[in-house]
file input_1.cif (mmCIF, C-alpha atoms)
data_structure
loop_
_atom_site.label_atom_id
_atom_site.label_comp_id
_atom_site.auth_asym_id
_atom_site.auth_seq_id
_atom_site.Cartn_x
_atom_site.Cartn_y
_atom_site.Cartn_z
CA MET A 1 17.04 -94.60 11.36
CA LYS A 2 19.93 -93.74 9.08
CA ASN A 3 20.46 -94.53 5.40
CA VAL A 4 23.82 -94.35 3.66
CA SER A 5 24.86 -94.13 0.01
CA ARG A 6 28.53 -94.12 -1.04
CA LEU A 7 29.81 -92.97 -4.42
CA THR A 8 33.25 -93.56 -5.89
CA TRP A 9 34.39 -91.51 -8.85
CA LEU A 10 35.62 -93.76 -11.67
CA ASN A 11 36.45 -91.21 -14.38
CA GLY A 12 34.80 -88.46 -16.45
CA MET A 13 31.27 -88.12 -15.07
CA THR A 14 31.05 -91.81 -14.13
CA PHE A 15 30.53 -92.84 -10.51
CA GLU A 16 29.86 -96.18 -8.88
CA SER A 17 27.37 -96.03 -6.05
CA GLU A 18 26.79 -98.58 -3.35
CA GLN A 19 23.90 -98.91 -0.91
CA PHE A 20 23.14 -101.98 1.21
CA GLY A 21 25.49 -103.99 -1.05
CA HIS A 22 23.72 -102.98 -4.29
CA LYS A 23 25.77 -101.18 -6.92
CA ILE A 24 24.49 -98.63 -9.40
CA ILE A 25 26.51 -96.81 -12.03
CA VAL A 26 25.69 -93.11 -12.24
CA ASP A 27 26.72 -91.14 -15.31
CA ALA A 28 25.86 -88.12 -17.43
CA ASP A 29 24.78 -87.82 -21.03
CA SER A 30 27.55 -87.26 -23.60
CA LYS A 31 26.41 -83.67 -24.11
CA PHE A 32 27.31 -83.01 -20.46
CA GLY A 33 30.68 -84.76 -20.68
CA GLY A 34 29.46 -88.20 -19.65
CA GLN A 35 29.57 -91.61 -21.32
CA ASP A 36 25.93 -92.63 -20.68
CA LEU A 37 27.06 -95.70 -18.73
CA GLY A 38 24.32 -95.48 -16.11
CA ALA A 39 21.56 -93.61 -14.38
CA ARG A 40 21.33 -89.82 -14.34
CA PRO A 41 21.32 -88.48 -10.76
CA LYS A 42 18.31 -86.24 -11.23
CA VAL A 43 16.26 -89.01 -12.84
CA LEU A 44 16.98 -91.18 -9.78
CA LEU A 45 14.75 -88.78 -7.84
CA LEU A 46 11.86 -89.83 -10.10
CA THR A 47 12.79 -93.51 -9.71
CA ALA A 48 12.83 -93.02 -5.94
CA LEU A 49 9.38 -91.41 -6.07
CA ALA A 50 7.96 -94.19 -8.26
CA GLY A 51 9.45 -96.93 -6.07
CA CYS A 52 8.31 -95.35 -2.83
CA THR A 53 4.72 -94.79 -3.90
CA GLY A 54 4.63 -98.09 -5.82
CA MET A 55 5.59 -100.08 -2.71
CA ASP A 56 2.95 -98.22 -0.69
CA VAL A 57 0.23 -98.91 -3.25
CA VAL A 58 0.93 -102.64 -3.62
CA SER A 59 1.15 -103.01 0.18
CA ILE A 60 -2.13 -101.19 0.77
CA LEU A 61 -3.92 -103.08 -2.01
CA LYS A 62 -2.62 -106.36 -0.57
CA LYS A 63 -4.17 -105.45 2.79
CA MET A 64 -7.41 -104.82 0.86
CA LYS A 65 -7.06 -108.38 -0.59
CA ILE A 66 -6.35 -107.04 -4.08
CA GLU A 67 -3.36 -108.86 -5.52
CA ASN A 68 -4.06 -110.12 -9.01
CA TYR A 69 -3.12 -107.21 -11.28
CA LYS A 70 -0.23 -105.60 -13.12
CA LEU A 71 1.16 -102.19 -12.24
CA GLU A 72 3.37 -99.77 -14.12
CA ILE A 73 4.23 -96.31 -12.87
CA GLN A 74 5.51 -93.53 -15.08
CA VAL A 75 6.99 -90.43 -13.48
CA GLU A 76 7.83 -87.38 -15.59
CA GLY A 77 9.70 -84.45 -14.11
CA GLU A 78 9.79 -81.02 -15.75
CA LEU A 79 12.92 -79.01 -14.99
CA THR A 80 13.40 -75.29 -14.61
CA ASP A 81 15.59 -73.62 -17.27
CA GLN A 82 17.94 -71.87 -14.86
CA HIS A 83 20.53 -73.29 -12.44
CA PRO A 84 20.05 -74.85 -10.01
CA LYS A 85 17.70 -76.91 -12.20
CA ILE A 86 14.93 -78.37 -10.12
CA TYR A 87 11.66 -80.10 -10.92
CA HIS A 88 8.87 -77.54 -10.88
CA THR A 89 6.28 -80.14 -11.95
CA ILE A 90 6.15 -83.92 -11.53
CA ASN A 91 3.47 -86.00 -13.28
CA VAL A 92 2.85 -89.46 -11.83
CA THR A 93 0.73 -91.98 -13.75
CA PHE A 94 -0.32 -95.30 -12.22
CA ASN A 95 -1.28 -97.84 -14.89
CA LEU A 96 -3.09 -100.87 -13.46
CA THR A 97 -4.39 -103.76 -15.52
CA GLY A 98 -6.49 -106.63 -14.26
CA LYS A 99 -10.02 -107.95 -13.94
CA ASN A 100 -12.55 -106.43 -11.55
CA LEU A 101 -10.21 -103.85 -10.07
CA PRO A 102 -12.28 -101.67 -7.72
CA GLU A 103 -11.71 -98.01 -8.68
CA ASP A 104 -12.50 -96.68 -5.20
CA LYS A 105 -9.95 -98.92 -3.47
CA VAL A 106 -7.22 -98.20 -6.01
CA LYS A 107 -7.86 -94.47 -5.64
CA LYS A 108 -7.80 -94.80 -1.85
CA ALA A 109 -4.47 -96.67 -1.92
CA VAL A 110 -2.86 -93.98 -4.10
CA GLU A 111 -4.26 -91.19 -1.91
CA LEU A 112 -2.98 -92.84 1.28
CA SER A 113 0.49 -93.12 -0.23
CA GLU A 114 0.49 -89.49 -1.38
CA THR A 115 -0.85 -87.97 1.78
CA LYS A 116 0.28 -90.28 4.59
CA TYR A 117 3.05 -92.73 3.77
CA CYS A 118 5.35 -91.76 0.90
CA GLY A 119 8.24 -89.76 2.31
CA VAL A 120 9.74 -89.18 -1.14
CA THR A 121 6.50 -87.54 -2.33
CA THR A 122 6.45 -85.44 0.85
CA MET A 123 10.00 -84.22 0.24
CA LEU A 124 9.69 -83.54 -3.50
CA LYS A 125 6.37 -81.73 -3.25
CA LYS A 126 8.14 -78.95 -1.37
CA SER A 127 9.75 -78.07 -4.72
CA ALA A 128 7.40 -79.44 -7.35
CA LYS A 129 3.68 -79.51 -8.02
CA ILE A 130 2.87 -83.22 -8.15
CA ASN A 131 0.02 -84.25 -10.47
CA THR A 132 -1.35 -87.79 -10.21
CA LYS A 133 -3.31 -89.84 -12.73
CA ILE A 134 -4.66 -93.34 -12.27
CA LYS A 135 -5.53 -95.54 -15.25
CA ILE A 136 -7.27 -98.89 -14.90
CA ASN A 137 -7.12 -101.01 -18.05
CA GLN A 138 -6.03 -97.85 -19.90
CA GLY A 139 -9.08 -95.84 -18.84
CA GLU A 140 -8.39 -92.84 -16.64
CA ILE A 141 -10.36 -92.67 -13.40
CA SER A 142 -11.06 -89.36 -11.74
CA MET B 143 13.42 -80.20 -20.31
CA LYS B 144 11.63 -83.33 -19.17
CA ASN B 145 12.98 -86.46 -17.49
CA VAL B 146 11.10 -89.75 -17.33
CA SER B 147 11.43 -92.84 -15.14
CA ARG B 148 9.22 -95.92 -15.64
CA LEU B 149 8.71 -98.66 -13.08
CA THR B 150 7.20 -102.08 -13.65
CA TRP B 151 6.04 -104.14 -10.68
CA LEU B 152 7.56 -107.63 -10.80
CA ASN B 153 6.23 -109.14 -7.54
CA GLY B 154 6.28 -108.55 -3.78
CA MET B 155 8.06 -105.21 -3.29
CA THR B 156 10.28 -105.70 -6.34
CA PHE B 157 10.12 -103.24 -9.25
CA GLU B 158 12.21 -102.85 -12.37
CA SER B 159 12.89 -99.26 -13.30
CA GLU B 160 14.05 -97.91 -16.62
CA GLN B 161 15.47 -94.50 -17.50
CA PHE B 162 17.30 -93.61 -20.74
CA GLY B 163 17.68 -97.36 -21.39
CA HIS B 164 19.32 -98.10 -18.01
CA LYS B 165 17.60 -100.60 -15.73
CA ILE B 166 17.68 -100.60 -11.96
CA ILE B 167 15.96 -103.07 -9.65
CA VAL B 168 14.21 -101.41 -6.72
CA ASP B 169 13.24 -103.51 -3.72
CA ALA B 170 12.59 -103.35 0.01
CA ASP B 171 14.30 -105.02 2.93
CA SER B 172 12.87 -108.36 4.06
CA LYS B 173 11.51 -106.74 7.24
CA PHE B 174 9.26 -104.61 5.00
CA GLY B 175 8.11 -107.52 2.84
CA GLY B 176 10.87 -107.21 0.22
CA GLN B 177 13.51 -109.60 -1.04
CA ASP B 178 16.49 -107.19 -0.97
CA LEU B 179 17.05 -107.63 -4.71
CA GLY B 180 17.93 -104.00 -5.38
CA ALA B 181 18.09 -100.39 -4.32
CA ARG B 182 15.81 -98.90 -1.67
CA PRO B 183 13.79 -95.99 -3.08
CA LYS B 184 14.59 -93.61 -0.27
CA VAL B 185 18.31 -94.34 -0.44
CA LEU B 186 18.21 -93.45 -4.15
CA LEU B 187 17.58 -89.86 -3.04
CA LEU B 188 20.98 -89.90 -1.35
CA THR B 189 22.59 -91.51 -4.43
CA ALA B 190 21.01 -88.79 -6.56
CA LEU B 191 22.40 -86.11 -4.26
CA ALA B 192 25.89 -87.64 -4.26
CA GLY B 193 25.89 -88.06 -8.05
CA CYS B 194 24.62 -84.55 -8.71
CA THR B 195 27.08 -82.78 -6.45
CA GLY B 196 29.90 -85.17 -7.42
CA MET B 197 29.50 -84.35 -11.13
CA ASP B 198 29.48 -80.63 -10.30
CA VAL B 199 32.63 -80.88 -8.21
CA VAL B 200 34.67 -82.87 -10.75
CA SER B 201 33.52 -80.52 -13.55
CA ILE B 202 34.42 -77.39 -11.62
CA LEU B 203 37.79 -78.80 -10.51
CA LYS B 204 38.52 -79.80 -14.12
CA LYS B 205 37.92 -76.18 -15.17
CA MET B 206 40.39 -75.21 -12.42
CA LYS B 207 42.89 -77.66 -14.03
CA ILE B 208 42.69 -80.02 -11.07
CA GLU B 209 42.25 -83.56 -12.33
CA ASN B 210 44.69 -85.94 -10.71
CA TYR B 211 42.90 -87.08 -7.54
CA LYS B 212 40.48 -89.64 -6.20
CA LEU B 213 37.02 -88.76 -4.90
CA GLU B 214 34.55 -90.63 -2.75
CA ILE B 215 31.33 -89.12 -1.48
CA GLN B 216 29.38 -90.50 1.44
CA VAL B 217 25.84 -89.30 2.03
CA GLU B 218 23.98 -90.24 5.23
CA GLY B 219 20.32 -89.43 5.65
CA GLU B 220 18.60 -89.41 9.04
CA LEU B 221 14.89 -90.22 8.88
CA THR B 222 12.04 -88.99 11.02
CA ASP B 223 10.33 -91.63 13.18
CA GLN B 224 6.78 -90.90 12.04
CA HIS B 225 5.10 -91.41 8.63
CA PRO B 226 5.66 -89.96 6.14
CA LYS B 227 9.31 -90.67 6.93
CA ILE B 228 11.50 -87.96 5.50
CA TYR B 229 15.14 -87.00 5.90
CA HIS B 230 15.42 -84.30 8.55
CA THR B 231 19.23 -84.26 8.31
CA ILE B 232 21.61 -85.20 5.49
CA ASN B 233 25.38 -85.38 6.10
CA VAL B 234 27.54 -85.18 2.98
CA THR B 235 31.26 -86.00 3.21
CA PHE B 236 33.61 -85.41 0.30
CA ASN B 237 36.79 -87.50 0.60
CA LEU B 238 39.52 -86.41 -1.80
CA THR B 239 42.95 -87.98 -2.02
CA GLY B 240 45.83 -86.76 -4.12
CA LYS B 241 49.02 -84.72 -4.07
CA ASN B 242 49.04 -80.94 -3.77
CA LEU B 243 45.26 -80.54 -3.72
CA PRO B 244 44.53 -76.85 -3.07
CA GLU B 245 42.10 -76.60 -0.14
CA ASP B 246 40.67 -73.27 -1.25
CA LYS B 247 39.76 -74.49 -4.73
CA VAL B 248 38.24 -77.74 -3.48
CA LYS B 249 36.18 -75.79 -0.96
CA LYS B 250 35.09 -73.35 -3.67
CA ALA B 251 34.01 -76.18 -6.00
CA VAL B 252 31.89 -77.77 -3.27
CA GLU B 253 30.35 -74.42 -2.34
CA LEU B 254 29.48 -73.62 -5.97
CA SER B 255 27.74 -76.98 -6.30
CA GLU B 256 25.78 -76.50 -3.07
CA THR B 257 24.71 -72.95 -3.67
CA LYS B 258 24.49 -72.57 -7.43
CA TYR B 259 24.42 -75.76 -9.49
CA CYS B 260 23.14 -78.86 -7.72
CA GLY B 261 19.39 -79.07 -8.22
CA VAL B 262 19.11 -82.19 -6.05
CA THR B 263 20.68 -80.36 -3.10
CA THR B 264 18.32 -77.43 -3.72
CA MET B 265 15.28 -79.71 -3.65
CA LEU B 266 16.29 -81.83 -0.64
CA LYS B 267 17.35 -78.90 1.51
CA LYS B 268 13.72 -77.80 1.60
CA SER B 269 13.13 -80.83 3.86
CA ALA B 270 16.50 -81.58 5.42
CA LYS B 271 19.33 -79.70 7.02
CA ILE B 272 22.32 -80.53 4.86
CA ASN B 273 25.72 -80.62 6.59
CA THR B 274 28.84 -80.79 4.46
CA LYS B 275 32.35 -81.97 5.34
CA ILE B 276 35.39 -81.99 3.09
CA LYS B 277 38.36 -84.22 3.81
CA ILE B 278 41.61 -84.02 1.86
CA ASN B 279 43.92 -87.00 2.42
CA GLN B 280 41.72 -87.88 5.42
CA GLY B 281 42.18 -84.50 7.10
CA GLU B 282 39.05 -82.41 7.50
CA ILE B 283 39.26 -78.87 6.15
CA SER B 284 37.09 -76.13 7.57
#

call {"tool": "encode", "arguments": {"input": "input_1.cif", "output": "structure tokens"}}
result
Amino acid sequence: MKNVSRLTWLNGMTFESEQFGHKIIVDADSKFGGQDLGARPKVLLLTALAGCTGMDVVSILKKMKIENYKLEIQVEGELTDQHPKIYHTINVTFNLTGKNLPEDKVKKAVELSETKYCGVTTMLKKSAKINTKIKINQGEIS
Amino acid sequence: MKNVSRLTWLNGMTFESEQFGHKIIVDADSKFGGQDLGARPKVLLLTALAGCTGMDVVSILKKMKIENYKLEIQVEGELTDQHPKIYHTINVTFNLTGKNLPEDKVKKAVELSETKYCGVTTMLKKSAKINTKIKINQGEIS
């Protein structure tokens, strides 16, 4: 299977990207010559990671008949100081809220995504140490 | 330096992401239970790569006093068949159009991005073989 993303340069550091008919503006911060009109390329890697693992987790929990909850995922990436700047550490926090959420099943769903299904995690962990936290109703589970 | 991306699950496979105040909807194709309302996570990796190297190239060419041209970047990623599905090959094509574009300088700008500046390329090439083509006014340069 093949995926394609196309970018057209608009001006300055501003690009318009297109994938499967969806458009995203990509831009840099003003301190790097951009106009802050859209997403930063390197942050899109973190968005990709969050989306990939998030879809896995909701799919796996659905198969486990767990559907009535809220989920937020925060992904922080820490960059090296020298060029080429890469993420040396990525911290992923899953925040679930809901009644009677079974810790063991939530933990299992996250583990299955990390170890078996999420291709973005698999790719990025070749560069970065990925640390994962799970919080249920704001309490961290081990 | 630290980057952050936050995703909130809306429903199905649909998530809303936020980074530096910019929102992007992330969703899956209908054949994977999604509603096709936004970007696919794994394709965002290719958008990140295109944006990162694109910003490098326009910056470097600007320093070389080359500014009057158009640029489109196409990035194709070929996925493995088995889970976790990762890109084993990524093909990047730079399409530049304009008068009197110096091949050697364009080639140098792309090489500097690939080898020295683009952190996204550096991270993804740990998983994928990255092949690069440069076309000036639709003619491929070696």

call {"tool": "resolve_selection", "arguments": {"input": "input_1.cif", "expression": "the PyMOL selection byres ((chain B and resi 146) around 12)", "output": "VMD selection string"}}
result
(chain A and resid 39 to 40 42 to 50 73 to 79 87 90 to 93) or (chain B and resid 143 to 145 147 to 149 159 to 164)

call {"tool": "atom_distance", "arguments": {"input": "input_1.cif", "atom1": "CA of Asn131 in chain A", "atom2": "CA of Lys99 in chain A"}}
result
26.0 Å

call {"tool": "closest_residue", "arguments": {"input": "input_1.cif", "among": "A:Lys23, A:Lys135, A:Lys31, A:Lys108", "to": "chain B", "atoms": "all atoms listed in the file"}}
result
A:Lys23

call {"tool": "resolve_selection", "arguments": {"input": "input_1.cif", "expression": "the PyMOL selection byres ((chain B and resi 271) around 8)", "output": "NGL selection string"}}
result
:B and (230-232 or 267 or 269-270 or 272-273)

call {"tool": "write_last_selection", "arguments": {"input": "input_1.cif", "atoms": "C-alpha atoms", "output": "CSV table (one decimal), in the coordinates of the input"}}
result
chain,number,residue,atom,x,y,z
B,230,HIS,CA,15.4,-84.3,8.6
B,231,THR,CA,19.2,-84.3,8.3
B,232,ILE,CA,21.6,-85.2,5.5
B,267,LYS,CA,17.4,-78.9,1.5
B,269,SER,CA,13.1,-80.8,3.9
B,270,ALA,CA,16.5,-81.6,5.4
B,272,ILE,CA,22.3,-80.5,4.9
B,273,ASN,CA,25.7,-80.6,6.6

call {"tool": "closest_residue", "arguments": {"input": "input_1.cif", "among": "A:Lys133, A:Lys105, A:His83, A:Lys70", "to": "Asp198 in chain B", "atoms": "all atoms listed in the file"}}
result
A:His83

call {"tool": "closest_residue", "arguments": {"input": "input_1.cif", "among": "B:Ile228, B:Ala251, B:Ile283, B:Ile208", "to": "chain A", "atoms": "all atoms listed in the file"}}
result
B:Ile228

call {"tool": "residues_around", "arguments": {"input": "input_1.cif", "residues": "Leu238 in chain B", "least_positions_apart": "2", "cutoff": "7 Å", "atoms": "all atoms listed in the file", "output": "PyMOL selection string"}}
result
chain B and resi 211-214+236+240+277-279

call {"tool": "write_last_selection", "arguments": {"input": "input_1.cif", "atoms": "C-alpha atoms", "output": "tab-separated table (two decimals), keeping the file's coordinate frame"}}
result
chain	number	residue	atom	x	y	z
B	211	TYR	CA	42.90	-87.08	-7.54
B	212	LYS	CA	40.48	-89.64	-6.20
B	213	LEU	CA	37.02	-88.76	-4.90
B	214	GLU	CA	34.55	-90.63	-2.75
B	236	PHE	CA	33.61	-85.41	0.30
B	240	GLY	CA	45.83	-86.76	-4.12
B	277	LYS	CA	38.36	-84.22	3.81
B	278	ILE	CA	41.61	-84.02	1.86
B	279	ASN	CA	43.92	-87.00	2.42

call {"tool": "residues_around", "arguments": {"input": "input_1.cif", "residues": "Gly34 in chain A", "least_positions_apart": "3", "cutoff": "7 Å", "atoms": "only C-alpha atoms", "output": "list in words"}}
result
Gly12, Met13, Thr14, Asp27, Ala28, Asp29 and Ser30 of chain A

call {"tool": "resolve_selection", "arguments": {"input": "input_1.cif", "expression": "the PyMOL selection byres ((chain A and resi 53) around 9)", "output": "tab-separated table (two decimals) with C-alpha atoms, keeping the file's coordinate frame"}}
result
chain	number	residue	atom	x	y	z
A	48	ALA	CA	12.83	-93.02	-5.94
A	49	LEU	CA	9.38	-91.41	-6.07
A	50	ALA	CA	7.96	-94.19	-8.26
A	51	GLY	CA	9.45	-96.93	-6.07
A	52	CYS	CA	8.31	-95.35	-2.83
A	54	GLY	CA	4.63	-98.09	-5.82
A	55	MET	CA	5.59	-100.08	-2.71
A	56	ASP	CA	2.95	-98.22	-0.69
A	57	VAL	CA	0.23	-98.91	-3.25
A	58	VAL	CA	0.93	-102.64	-3.62
A	110	VAL	CA	-2.86	-93.98	-4.10
A	113	SER	CA	0.49	-93.12	-0.23
A	114	GLU	CA	0.49	-89.49	-1.38
A	117	TYR	CA	3.05	-92.73	3.77
A	118	CYS	CA	5.35	-91.76	0.90
A	119	GLY	CA	8.24	-89.76	2.31
A	120	VAL	CA	9.74	-89.18	-1.14
A	121	THR	CA	6.50	-87.54	-2.33

call {"tool": "closest_residue", "arguments": {"input": "input_1.cif", "among": "B:Lys204, B:Gln224, B:Gly281, B:Met265", "to": "chain A", "atoms": "all atoms listed in the file"}}
result
B:Met265

call {"tool": "axis_aligned_box", "arguments": {"input": "input_1.cif", "around": "range 173-183 of chain B", "padding_each_side": "6 Å", "output": "JSON"}}
result
{"center_x": 13.1, "center_y": -102.8, "center_z": 0.9, "size_x": 22.0, "size_y": 25.6, "size_z": 24.6}

call {"tool": "closest_residue", "arguments": {"input": "input_1.cif", "among": "A:Leu101, A:Met64, A:Leu37, A:Val106", "to": "chain B", "atoms": "all atoms listed in the file"}}
result
A:Leu37

call {"tool": "atom_distance", "arguments": {"input": "input_1.cif", "atom1": "CA of Thr264 in chain B", "atom2": "CA of Thr80 in chain A"}}
result
12.1 Å

call {"tool": "atom_distance", "arguments": {"input": "input_1.cif", "atom1": "CA of Leu152 in chain B", "atom2": "CA of Ile24 in chain A"}}
result
19.2 Å

call {"tool": "closest_residue", "arguments": {"input": "input_1.cif", "among": "B:Leu254, B:Leu203, B:Ile276, B:Val168", "to": "chain A", "atoms": "only C-alpha atoms"}}
result
B:Val168
